[in-house]
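Shown below: target_25.cif, with mmCIF, C-alpha atoms.
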data_protein
#
loop_
_atom_site.label_atom_id
_atom_site.label_comp_id
_atom_site.auth_asym_id
_atom_site.auth_seq_id
_atom_site.Cartn_x
_atom_site.Cartn_y
_atom_site.Cartn_z
CA SER A 12 -45.04 -62.93 -109.15
CA VAL A 13 -48.39 -62.36 -107.43
CA LYS A 14 -50.17 -63.02 -110.73
CA GLN A 15 -48.51 -66.38 -111.29
CA TYR A 16 -49.15 -67.31 -107.62
CA VAL A 17 -52.87 -66.45 -107.88
CA VAL A 18 -53.27 -68.33 -111.19
CA LYS A 19 -51.51 -71.34 -109.63
CA LYS A 20 -53.80 -71.22 -106.60
CA PHE A 21 -56.87 -70.93 -108.86
CA LEU A 22 -55.78 -73.90 -110.99
CA GLY A 23 -55.29 -75.87 -107.76
CA LEU A 24 -58.80 -74.86 -106.67
CA ILE A 25 -60.54 -75.95 -109.87
CA SER A 26 -58.43 -79.12 -110.05
CA SER A 27 -59.62 -80.08 -106.55
CA GLN A 28 -63.21 -79.74 -107.81
CA ASN A 29 -62.58 -81.52 -111.15
CA ILE A 30 -63.69 -78.45 -113.11
CA PRO A 31 -62.32 -78.44 -116.69
CA VAL A 32 -61.53 -74.80 -117.46
CA TYR A 33 -59.50 -73.41 -120.35
CA LEU A 34 -57.56 -70.20 -120.82
CA ILE A 35 -59.18 -67.49 -122.97
CA ASP A 36 -57.29 -64.43 -121.73
CA PRO A 37 -56.48 -62.42 -124.90
CA LEU A 38 -53.24 -60.97 -123.53
CA VAL A 39 -51.83 -64.30 -122.35
CA LEU A 40 -53.09 -66.15 -125.46
CA GLY A 41 -51.46 -63.49 -127.66
CA LEU A 42 -48.10 -64.17 -126.00
CA ILE A 43 -48.63 -67.94 -126.26
CA ASP A 44 -49.60 -67.69 -129.93
CA LYS A 45 -46.21 -66.18 -130.81
CA ASP A 46 -44.48 -69.25 -129.32
CA ILE A 47 -47.14 -71.85 -130.12
CA GLU A 48 -44.92 -74.18 -132.17
CA GLN A 49 -42.24 -74.16 -129.50
CA ILE A 50 -44.82 -74.70 -126.74
CA ARG A 51 -46.41 -77.64 -128.61
CA SER A 52 -43.07 -79.36 -129.10
CA THR A 53 -41.41 -78.72 -125.71
CA SER A 54 -41.49 -81.24 -122.90
CA ASP A 55 -42.73 -80.33 -119.43
CA GLY A 56 -39.30 -79.33 -118.10
CA PRO A 57 -38.90 -76.27 -115.84
CA ARG A 58 -38.72 -72.82 -117.44
CA PRO A 59 -36.16 -70.27 -116.27
CA GLU A 60 -38.50 -67.28 -116.18
CA CYS A 61 -42.22 -66.53 -115.84
CA LYS A 62 -43.09 -65.28 -119.31
CA TYR A 63 -46.86 -65.60 -119.80
CA PHE A 64 -48.70 -65.27 -116.49
CA CYS A 65 -46.40 -62.58 -115.11
CA ALA A 66 -47.08 -59.87 -117.67
CA PRO A 67 -48.65 -56.85 -115.91
CA ARG A 68 -52.45 -57.08 -115.63
CA ASP A 69 -55.16 -56.95 -112.98
CA PHE A 70 -56.88 -60.23 -113.88
CA THR A 71 -56.60 -63.43 -115.92
CA THR A 72 -59.55 -64.90 -117.84
CA PHE A 73 -60.62 -68.54 -118.09
CA ALA A 74 -63.67 -70.24 -119.62
CA LEU A 75 -65.93 -72.97 -118.28
CA LEU A 76 -68.40 -75.07 -120.29
CA ASP A 77 -71.65 -75.08 -118.30
CA LYS A 78 -72.57 -78.73 -118.87
CA THR A 79 -69.21 -80.00 -117.59
CA TRP A 80 -69.81 -78.94 -113.98
CA LYS A 81 -72.61 -78.25 -111.49
CA HIS A 82 -71.43 -78.23 -107.83
CA GLU A 83 -70.70 -74.59 -107.11
CA VAL A 84 -71.35 -74.71 -103.34
CA ASP A 85 -68.27 -76.89 -102.79
CA LEU A 86 -66.24 -74.62 -105.06
CA PHE A 87 -67.06 -71.46 -103.09
CA ARG A 88 -66.46 -73.17 -99.74
CA THR A 89 -63.03 -74.40 -100.87
CA ALA A 90 -62.22 -71.04 -102.50
CA GLU A 91 -62.86 -69.22 -99.21
CA LYS A 92 -60.65 -71.69 -97.32
CA MET A 93 -57.85 -70.90 -99.81
CA GLY A 94 -58.24 -67.16 -99.17
CA PHE A 95 -60.26 -66.19 -102.28
CA GLN A 96 -63.07 -63.67 -102.26
CA TRP A 97 -65.66 -64.42 -104.94
CA LEU A 98 -68.54 -62.89 -106.86
CA LYS A 99 -71.21 -64.64 -108.94
CA ILE A 100 -73.11 -62.82 -111.71
CA LEU A 101 -76.48 -64.25 -112.75
CA HIS A 102 -78.75 -63.28 -115.64
CA LYS A 103 -81.86 -64.55 -117.39
CA ASP A 104 -81.43 -67.68 -119.54
CA PRO A 105 -82.25 -66.58 -123.12
CA ARG A 106 -82.36 -70.21 -124.32
CA LEU A 107 -85.69 -70.63 -122.50
CA ASP A 108 -87.33 -67.62 -124.15
CA GLY A 109 -89.78 -68.33 -126.94
CA MET A 110 -92.91 -67.05 -128.62
CA ASP A 111 -95.10 -68.80 -126.02
CA ASP A 112 -93.16 -67.98 -122.89
CA LEU A 113 -90.60 -65.47 -121.65
CA SER A 114 -88.53 -67.22 -119.00
CA GLY A 115 -87.29 -65.44 -115.93
CA THR A 116 -84.97 -68.33 -114.99
CA GLU A 117 -81.53 -67.07 -114.00
CA ILE A 118 -78.27 -68.86 -114.77
CA PRO A 119 -74.66 -68.14 -113.70
CA LEU A 120 -72.82 -66.22 -116.42
CA HIS A 121 -69.61 -65.01 -114.74
CA TYR A 122 -67.59 -65.87 -111.64
CA ILE A 123 -64.82 -63.65 -110.29
CA PHE A 124 -62.27 -64.90 -107.76
CA LYS A 125 -59.94 -62.38 -106.08
CA LEU A 126 -56.80 -63.05 -104.10
CA ALA A 127 -54.24 -60.40 -103.07
CA SER A 128 -54.10 -57.86 -105.92
CA HIS A 129 -55.09 -60.24 -108.74
CA ALA A 130 -58.45 -61.54 -109.95
CA ILE A 131 -59.54 -64.53 -112.02
CA HIS A 132 -62.49 -63.93 -114.36
CA LEU A 133 -64.26 -67.21 -115.14
CA VAL A 134 -66.66 -66.87 -118.09
CA VAL A 135 -69.40 -69.50 -118.34
CA PHE A 136 -70.11 -70.70 -121.90
CA TYR A 137 -73.38 -72.41 -122.86
CA GLU A 138 -74.05 -74.50 -125.94
CA ARG A 139 -76.92 -73.15 -128.06
CA SER A 140 -79.09 -74.95 -130.60
CA GLY A 141 -77.10 -73.57 -133.55
CA HIS A 142 -74.13 -75.70 -132.33
CA TYR A 143 -72.04 -72.82 -131.04
CA LEU A 144 -70.97 -71.48 -127.65
CA TRP A 145 -72.57 -68.40 -126.09
CA HIS A 146 -71.67 -66.29 -123.07
CA GLY A 147 -73.89 -63.66 -121.52
CA PRO A 148 -73.31 -60.04 -120.53
CA LEU A 149 -71.80 -59.03 -117.20
CA ARG A 150 -74.44 -56.87 -115.53
CA LEU A 151 -73.94 -55.97 -111.88
CA LYS A 152 -77.00 -55.96 -109.63
CA GLN A 153 -77.60 -52.90 -107.44
CA HIS A 154 -76.23 -54.40 -104.20
CA MET A 155 -72.93 -55.56 -105.78
CA ASP A 156 -69.58 -53.98 -105.02
CA ARG A 157 -68.60 -52.06 -108.14
CA LYS A 158 -65.03 -51.74 -106.88
CA PHE A 159 -64.53 -55.49 -106.38
CA VAL A 160 -62.39 -55.57 -109.55
CA PRO A 161 -61.85 -53.05 -112.39
CA PHE A 162 -64.94 -54.31 -114.28
CA ARG A 163 -64.49 -51.94 -117.21
CA LYS A 164 -61.18 -53.60 -118.07
CA LEU A 165 -62.62 -57.12 -118.32
CA HIS A 166 -62.37 -58.52 -121.85
CA PHE A 167 -65.61 -60.53 -121.76
CA GLY A 168 -69.00 -59.32 -120.60
CA ARG A 169 -69.51 -55.86 -122.07
CA TYR A 170 -72.01 -57.69 -124.29
CA SER A 171 -73.04 -61.27 -125.05
CA GLY A 172 -70.75 -63.22 -127.36
CA ALA A 173 -70.94 -66.20 -129.73
CA TYR A 174 -68.00 -68.48 -130.56
CA GLU A 175 -67.21 -71.65 -132.40
CA LYS A 176 -66.59 -74.57 -130.05
CA PRO A 177 -62.79 -74.85 -129.83
CA GLU A 178 -60.72 -78.01 -129.74
CA LEU A 179 -58.58 -77.81 -126.60
CA LEU A 180 -54.83 -78.35 -126.25
CA PRO A 181 -53.18 -79.16 -122.87
CA VAL A 182 -49.91 -77.21 -122.50
CA SER A 183 -47.38 -76.46 -119.81
CA ILE A 184 -46.45 -72.78 -119.49
CA ASP A 185 -44.67 -71.01 -116.63
CA ASP A 186 -44.58 -74.40 -114.86
CA LEU A 187 -48.39 -74.54 -114.87
CA LYS A 188 -50.52 -77.05 -116.76
CA VAL A 189 -53.45 -75.37 -118.55
CA GLN A 190 -55.77 -76.01 -121.48
CA ILE A 191 -55.91 -73.51 -124.33
CA PRO A 192 -57.81 -73.36 -127.66
CA GLN A 193 -55.87 -75.57 -130.06
CA ASN A 194 -55.65 -72.69 -132.52
CA PRO A 195 -55.13 -69.56 -130.35
CA SER A 196 -54.96 -67.18 -133.32
CA SER A 197 -58.41 -68.30 -134.60
CA PHE A 198 -59.92 -67.77 -131.15
CA LEU A 199 -58.25 -64.34 -130.84
CA GLU A 200 -59.68 -63.35 -134.24
CA GLU A 201 -63.19 -64.25 -133.05
CA ILE A 202 -63.10 -62.00 -129.97
CA PRO A 203 -63.57 -58.54 -131.58
CA HIS A 204 -66.36 -59.89 -133.83
CA SER A 205 -68.19 -61.99 -131.25
CA ARG A 206 -71.00 -59.63 -130.21
CA PHE A 207 -74.35 -61.45 -130.05
CA LEU A 208 -77.91 -60.06 -130.30
CA GLU A 209 -80.89 -62.01 -128.98
CA CYS A 210 -84.08 -62.28 -130.95
CA ARG A 211 -86.64 -59.82 -129.53
CA TYR A 212 -89.34 -62.23 -128.36
CA ARG A 213 -91.15 -59.64 -126.23
CA GLU A 214 -91.61 -57.34 -129.26
CA ALA A 215 -92.45 -60.30 -131.50
CA ARG A 216 -95.26 -61.37 -129.16
CA ALA A 217 -96.65 -57.82 -129.19
CA PHE A 218 -96.49 -57.85 -133.01
CA PHE A 219 -98.46 -61.10 -133.27
CA GLN A 220 -101.12 -59.77 -130.90
CA LEU A 221 -101.74 -56.99 -133.42
CA TYR A 222 -101.21 -59.11 -136.53
CA PRO A 223 -102.00 -62.79 -135.83
CA ASP A 224 -99.49 -65.22 -137.32
CA ASP A 225 -100.29 -67.04 -140.55
CA VAL A 226 -100.45 -70.72 -139.56
CA SER A 227 -101.93 -71.97 -142.83
CA LEU A 228 -100.45 -75.07 -144.46
CA ASP A 229 -98.85 -72.90 -147.18
CA ALA A 230 -97.18 -70.63 -144.60
CA VAL A 231 -95.88 -73.56 -142.55
CA GLU A 232 -94.53 -75.22 -145.70
CA PHE A 233 -92.87 -72.01 -146.92
CA ARG A 234 -91.14 -71.42 -143.57
CA LYS A 235 -89.89 -75.01 -143.58
CA LYS A 236 -88.43 -74.62 -147.09
CA ALA A 237 -86.98 -71.18 -146.29
CA LYS A 238 -85.27 -72.55 -143.16
CA SER A 239 -83.80 -75.41 -145.16
CA LEU A 240 -82.62 -73.01 -147.89
CA LEU A 241 -81.03 -70.65 -145.32
CA HIS A 242 -79.16 -73.55 -143.69
CA LEU A 243 -77.90 -74.73 -147.10
CA ALA A 244 -76.84 -71.18 -148.06
CA ALA A 245 -75.02 -70.72 -144.73
CA LEU A 246 -73.19 -74.04 -145.13
CA THR A 247 -72.15 -73.15 -148.68
CA LEU A 248 -70.89 -69.65 -147.84
CA ASN A 249 -69.22 -70.74 -144.59
CA ASN A 250 -67.34 -73.45 -146.48
CA LEU A 251 -66.07 -70.74 -148.85
CA GLY A 252 -65.12 -68.47 -145.93
CA VAL A 253 -67.50 -65.75 -147.19
CA LYS A 254 -69.05 -63.56 -144.48
CA PHE A 255 -72.77 -62.82 -145.02
CA TRP A 256 -75.77 -61.50 -143.08
CA LEU A 257 -79.57 -61.57 -143.12
CA SER A 258 -80.82 -58.74 -145.30
CA SER A 259 -84.08 -57.22 -146.59
CA GLY A 260 -87.22 -59.21 -145.70
CA THR A 261 -85.30 -61.99 -143.96
CA CYS A 262 -83.66 -59.45 -141.62
CA LEU A 263 -87.02 -57.73 -141.05
CA GLY A 264 -88.61 -61.08 -140.15
CA TRP A 265 -85.88 -61.81 -137.59
CA TYR A 266 -86.03 -58.32 -136.02
CA ARG A 267 -89.79 -57.79 -136.05
CA GLN A 268 -91.24 -61.24 -135.39
CA CYS A 269 -88.34 -63.69 -134.69
CA SER A 270 -89.52 -65.66 -137.69
CA ILE A 271 -89.52 -65.94 -141.48
CA ILE A 272 -92.18 -63.73 -143.09
CA PRO A 273 -94.40 -66.29 -144.89
CA TYR A 274 -95.48 -64.03 -147.75
CA SER A 275 -91.92 -62.91 -148.60
CA LYS A 276 -91.37 -65.82 -151.03
CA ASP A 277 -87.56 -65.67 -150.84
CA VAL A 278 -84.51 -65.67 -148.57
CA ASP A 279 -82.35 -62.51 -148.67
CA LEU A 280 -78.66 -62.32 -147.77
CA GLY A 281 -76.12 -59.49 -147.91
CA ILE A 282 -72.38 -59.77 -148.65
CA PHE A 283 -69.79 -56.99 -148.78
CA ILE A 284 -68.35 -56.81 -152.28
CA ARG A 285 -64.85 -57.01 -150.79
CA ASP A 286 -65.73 -60.58 -149.73
CA TYR A 287 -66.90 -61.64 -153.20
CA LYS A 288 -65.36 -64.84 -154.57
CA ALA A 289 -65.74 -66.22 -158.09
CA ASP A 290 -66.40 -69.63 -156.48
CA ILE A 291 -69.80 -68.49 -155.13
CA ILE A 292 -71.86 -69.34 -158.22
CA PRO A 293 -70.36 -72.83 -158.86
CA ALA A 294 -70.55 -73.61 -155.11
CA PHE A 295 -74.30 -72.95 -155.03
CA GLN A 296 -74.84 -74.86 -158.27
CA ASN A 297 -72.95 -77.83 -156.79
CA ALA A 298 -75.21 -77.57 -153.73
CA GLY A 299 -78.23 -78.06 -156.02
CA LEU A 300 -79.26 -74.40 -156.37
CA PRO A 301 -79.15 -73.34 -160.05
CA LEU A 302 -78.44 -69.70 -160.92
CA LYS A 303 -81.71 -67.89 -161.71
CA HIS A 304 -80.26 -64.50 -162.60
CA LYS A 305 -77.09 -62.47 -162.37
CA PHE A 306 -77.39 -58.67 -162.59
CA GLY A 307 -74.61 -56.10 -162.58
CA LYS A 308 -70.91 -56.81 -162.30
CA VAL A 309 -68.39 -57.07 -159.50
CA GLU A 310 -67.45 -53.39 -159.64
CA ASP A 311 -71.07 -52.16 -159.82
CA SER A 312 -74.48 -53.36 -158.54
CA LEU A 313 -73.82 -57.11 -158.46
CA GLU A 314 -76.81 -59.23 -157.47
CA LEU A 315 -77.30 -63.02 -157.68
CA SER A 316 -80.43 -65.13 -157.43
CA PHE A 317 -80.56 -68.91 -157.06
CA GLN A 318 -83.56 -71.20 -157.44
CA GLY A 319 -84.48 -73.20 -154.36
CA GLU A 320 -87.10 -75.88 -153.88
CA GLY A 321 -90.46 -75.07 -155.47
CA GLU A 322 -91.02 -71.32 -155.98
CA ILE A 323 -88.66 -70.17 -153.25
CA LYS A 324 -85.45 -68.40 -154.27
CA LEU A 325 -82.27 -67.20 -152.62
CA ASP A 326 -81.33 -63.57 -153.37
CA ILE A 327 -77.79 -62.39 -152.61
CA PHE A 328 -77.17 -58.64 -152.63
CA PHE A 329 -73.62 -57.28 -152.71
CA PHE A 330 -72.93 -54.12 -150.71
CA TYR A 331 -70.51 -51.34 -151.64
CA GLU A 332 -68.91 -49.06 -149.04
CA GLU A 333 -68.57 -45.31 -149.53
CA ASP A 334 -67.15 -42.74 -147.08
CA ASP A 335 -70.43 -42.06 -145.29
CA HIS A 336 -72.84 -44.81 -146.39
CA ILE A 337 -73.19 -48.33 -147.79
CA TRP A 338 -75.33 -49.28 -150.79
CA ASN A 339 -76.46 -52.20 -152.89
CA GLY A 340 -77.77 -52.09 -156.45
CA GLY A 341 -80.79 -53.33 -158.37
CA THR A 342 -81.40 -53.82 -162.09
CA GLN A 343 -84.65 -53.94 -164.07
CA ALA A 344 -84.14 -56.62 -166.71
CA LYS A 345 -86.51 -55.33 -169.40
CA SER A 346 -85.31 -51.69 -169.38
CA GLY A 347 -81.71 -51.89 -168.11
CA LYS A 348 -82.61 -49.32 -165.41
CA LYS A 349 -80.33 -49.25 -162.38
CA PHE A 350 -81.40 -48.59 -158.81
CA LYS A 351 -79.42 -47.92 -155.66
CA TYR A 352 -80.44 -48.66 -152.06
CA LEU A 353 -78.66 -46.52 -149.44
CA PHE A 354 -77.94 -47.66 -145.85
CA PRO A 355 -76.17 -45.93 -142.96
CA LYS A 356 -72.85 -47.59 -142.10
CA PHE A 357 -73.23 -50.72 -140.00
CA THR A 358 -71.22 -53.48 -138.36
CA LEU A 359 -72.08 -57.18 -138.02
CA CYS A 360 -73.25 -59.09 -134.95
CA TRP A 361 -74.17 -62.73 -134.41
CA THR A 362 -77.67 -63.95 -133.66
CA GLU A 363 -79.54 -67.23 -133.67
CA PHE A 364 -82.29 -67.60 -136.27
CA VAL A 365 -84.10 -70.83 -137.19
CA GLU A 366 -81.47 -72.81 -135.20
CA LEU A 367 -78.60 -71.19 -137.08
CA LYS A 368 -75.78 -68.96 -135.86
CA VAL A 369 -75.87 -66.16 -138.40
CA HIS A 370 -74.89 -62.50 -138.82
CA VAL A 371 -77.24 -59.51 -138.77
CA PRO A 372 -76.40 -55.79 -138.82
CA CYS A 373 -75.66 -54.73 -135.20
CA GLU A 374 -77.44 -51.45 -135.90
CA THR A 375 -80.54 -53.41 -136.93
CA LEU A 376 -83.14 -50.72 -136.31
CA GLN A 377 -81.33 -48.18 -138.52
CA TYR A 378 -80.82 -50.86 -141.19
CA VAL A 379 -84.49 -51.90 -141.19
CA GLU A 380 -85.73 -48.29 -141.07
CA ALA A 381 -83.52 -47.37 -144.03
CA ASN A 382 -85.14 -50.13 -146.08
CA TYR A 383 -88.73 -50.08 -144.80
CA GLY A 384 -89.22 -46.61 -143.33
CA PRO A 385 -90.63 -45.62 -139.93
CA ASP A 386 -93.69 -47.90 -140.40
CA TRP A 387 -91.63 -51.09 -140.67
CA LYS A 388 -93.71 -52.65 -137.86
CA VAL A 389 -96.79 -52.73 -140.11
CA PRO A 390 -96.91 -55.73 -142.51
CA VAL A 391 -97.01 -54.79 -146.21
CA LYS A 392 -97.95 -57.65 -148.53
CA THR A 393 -97.71 -55.81 -151.85
CA TRP A 394 -94.13 -54.65 -152.33
CA ASP A 395 -92.51 -53.14 -155.43
CA TRP A 396 -88.71 -53.41 -155.16
CA LYS A 397 -88.30 -50.41 -157.52
CA SER A 398 -90.48 -47.95 -155.59
CA SER A 399 -91.56 -49.29 -152.18
CA PRO A 400 -88.24 -49.17 -150.27
CA SER A 401 -87.60 -45.90 -148.39
CA ASN A 402 -83.94 -45.89 -149.46
CA VAL A 403 -84.26 -46.51 -153.21
CA GLN A 404 -83.04 -44.02 -155.78
CA ASP A 405 -82.49 -44.08 -159.54
CA ASN A 406 -78.95 -44.91 -160.59
CA GLY A 407 -78.97 -44.43 -164.36
CA VAL A 408 -79.26 -47.08 -167.06
CA TRP A 409 -76.88 -49.83 -168.17
CA PRO A 410 -75.45 -49.09 -171.66
CA VAL A 411 -77.15 -51.40 -174.19
CA GLU A 412 -73.78 -52.82 -175.30
CA GLU A 413 -73.23 -54.13 -171.72
CA TRP A 414 -76.62 -55.85 -171.38
CA ASP A 415 -75.30 -59.30 -172.30
CA GLU A 416 -72.86 -59.05 -169.41
CA VAL A 417 -74.97 -57.29 -166.76
CA ILE A 418 -78.43 -58.81 -167.38
CA GLN A 419 -78.20 -62.58 -167.38
CA ILE A 420 -81.41 -64.57 -166.82
CA TYR A 421 -81.50 -68.37 -166.81
#
Since I need it in another form, could you write the structure as structure tokens?
Amino acid sequence: SVKQYVVKKFLGLISSQNIPVYLIDPLVLGLIDKDIEQIRSTSDGPRPECKYFCAPRDFTTFALLDKTWKHEVDLFRTAEKMGFQWLKILHKDPRLDGMDDLSGTEIPLHYIFKLASHAIHLVVFYERSGHYLWHGPLRLKQHMDRKFVPFRKLHFGRYSGAYEKPELLPVSIDDLKVQIPQNPSSFLEEIPHSRFLECRYREARAFFQLYPDDVSLDAVEFRKKAKSLLHLAALTLNNLGVKFWLSSGTCLGWYRQCSIIPYSKDVDLGIFIRDYKADIIPAFQNAGLPLKHKFGKVEDSLELSFQGEGEIKLDIFFFYEEDDHIWNGGTQAKSGKKFKYLFPKFTLCWTEFVELKVHVPCETLQYVEANYGPDWKVPVKTWDWKSSPSNVQDNGVWPVEEWDEVIQIY
């Protein structure tokens, strides 16, 4: 098989350069995953047929951790001697961007090696400060040959991606020794949900030129406590396996100014009601965050609030999906009035915020506009949750006989 031959040549190439790559090709990993127990337990004896690397495809995908290797000149020279054509894709390093400086420094994001009719796509992963791995988008510069490989078919590079750092397992498949993620199925599950959005530092800098940042002692202290609370909330929910995202003012702060809004006084998270677990309340209480209030019930308008350090609180809003929109509820404790906040449908992307890998709505602008209207770029310090949001509407009143269940304040 040409494919197996090219993969073998590529593995010989990277072995000669001491480059530790691992296999991330979804098609090959999918085949491996079905036989993973057998592969783990089998010795390195010869296999009768080529099962994994010979399946029909135009390319095979591997990953490289940036910090494990630096000498690309030798790699390209050796690759050419072995008959490979190659392409290197560079892009700006987002890790160097900040409020004070937008870096133009370029880093290698993707390498493509082509031999005969098969290509090897080598995706470069970088470690980010939230202790996760990130790869960048594959953007061709004007002078590049767009027919070098079928770029549209490549599995990685349509957008940036964020992944957990995998433990690696050396295996022998099709008479070739390769490294794979120790748990292929977990890695495969990450791929369709890996899309990553950068914080918008350019827009944030423009915002602060119009509205200078609050650098008072109170603001600095609040941001410090809010960051700590967000990290604790993320740890608690991640340990439970509950998917969440930045919502309301916390999402607005990330999108508008790459920072926590100092006058917001709380941290806001969203969770789909389908992901609700009864363990959430005891888990937060065990983490040292007592329940402040619980409004609504699982089937309607559930909302939880936990008390953090000092005056700061953690608000968790549960979102309900309808055919054409998503909504979360609100309850006024003294009157039993119910409110509903409508959002257009959205999906979840990863971002990095206060040194944390965390979800935000991919369609962030529509999400923020739904909540804060077209003037969301203008800071508003007096906010009434019952009337200020653009997407709020009345949703009836809780029956008095249900108040003990649906309005609980501690």
- request: Just the residues within 9 Å of Val408 (chain A), please, counting all atoms listed in the file, with nothing from its chain fewer than 2 positions along; format it as a ChimeraX atom specification.
  value: /A:342,346-350,405-406,410-411
Which residues of region 239-269 of chain A come within 9 Å of region 372-378 of chain A, and for each one, what is the closest pair of atoms and their distance in Å to one decimal, counting all atoms listed in the file, sorted by chain and residue number, as a tab-separated table?
residue	atom	partner	partner_atom	distance
A:Trp256	CA	A:Pro372	CA	7.2
A:Leu257	CA	A:Pro372	CA	7.9
A:Ser258	CA	A:Pro372	CA	8.4
A:Ser259	CA	A:Tyr378	CA	9.0
A:Cys262	CA	A:Thr375	CA	8.3
A:Leu263	CA	A:Thr375	CA	8.8
A:Tyr266	CA	A:Thr375	CA	7.4
Would you save the residues of that selection, restricted to C-alpha atoms, as a JSON list (two decimals), in the coordinates of the input?
[["chain", "number", "residue", "atom", "x", "y", "z"],
["A", 256, "TRP", "CA", -75.77, -61.50, -143.08],
["A", 257, "LEU", "CA", -79.57, -61.57, -143.12],
["A", 258, "SER", "CA", -80.82, -58.74, -145.30],
["A", 259, "SER", "CA", -84.08, -57.22, -146.59],
["A", 262, "CYS", "CA", -83.66, -59.45, -141.62],
["A", 263, "LEU", "CA", -87.02, -57.73, -141.05],
["A", 266, "TYR", "CA", -86.03, -58.32, -136.02]]
Spatial neighbours of region 140-150 of chain A, 8 Å, all atoms listed in the file, chain gap at least 3 places, as number ranges by chain: A: 100, 102, 120-121, 134-137, 167-176, 363, 366-368
field: Two-atom distance - CA of Val18 (chain A), CA of Met155 (chain A) (Å)
entry: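 Result for CA of Val18 (chain A) versus CA of Met155 (chain A): 24.1 Å, one decimal.
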query: Quick one: residues within 8 Å of region 233-238 of chain A, all atoms listed in the file counted, chain neighbours fewer than 4 positions away excluded, as a ChimeraX atom specification?
result: /A:229,242,271-273,276-278,320,323,365
- request: Let me know the residues the PyMOL selection byres ((chain A and resi 201) around 12) catches in the file above, as JSON, numbers by chain.
  value: {"A": [35, 37, 144, 172, 173, 174, 175, 176, 177, 192, 194, 195, 196, 197, 198, 199, 200, 202, 203, 204, 205, 206, 207, 360, 361]}
field: Counting all atoms listed in the file, the option among A:Asp415, A:Ala381, A:Val39, A:Leu240 closest to Gln318 (chain A)
entry: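 Of the candidates, the smallest distance to Gln318 (chain A) is held by A:Leu240.
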Put the listed atoms of region 354-366 of chain A in a box along x, y and z with 5 Å added on every side and give me the centre and edge lengths in Å to one decimal, as JSON.
{"center_x": -77.7, "center_y": -59.4, "center_z": -139.8, "size_x": 22.9, "size_y": 36.9, "size_z": 22.2}
message: Could you tell me how far CA of Leu241 (chain A) sits from CA of Val371 (chain A), in Å to one decimal place?
response: 13.5 Å
message: To one decimal place in Å, what is the distance between CA of Thr116 (chain A) and CA of Asp104 (chain A)?
response: 5.8 Å
Surrounding residues of Ala127 (chain A) excluding itself and chain neighbours under 4 positions, 12 Å, all atoms listed in the file, as a PyMOL selection string: chain A and resi 12-18+20+69-70+93-96+131+159-160
query: Mind telling me what the PyMOL selection byres ((chain A and resi 295) around 10) catches here, as a PyMOL selection string?
result: chain A and resi 243-244+247-248+290-294+296-302+317-318
Shell of 12 Å around Thr79 (chain A), only C-alpha atoms, local chain residues under 4 positions omitted, as a PyMOL selection string: chain A and resi 28-32+74-75+83+135-138
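Using only C-alpha atoms, the protein and nucleic acid residues lying at most 12 Å from the point (-43.7, -70.7, -127.4) are Val39, Leu40, Gly41, Leu42, Ile43, Asp44, Lys45, Asp46, Ile47, Glu48, Gln49, Ile50, Arg51, Ser52, Thr53, Ser54, Arg58, Lys62, Tyr63, Val182, Ser183, Ile184, Asp185 and Pro195 of chain A.
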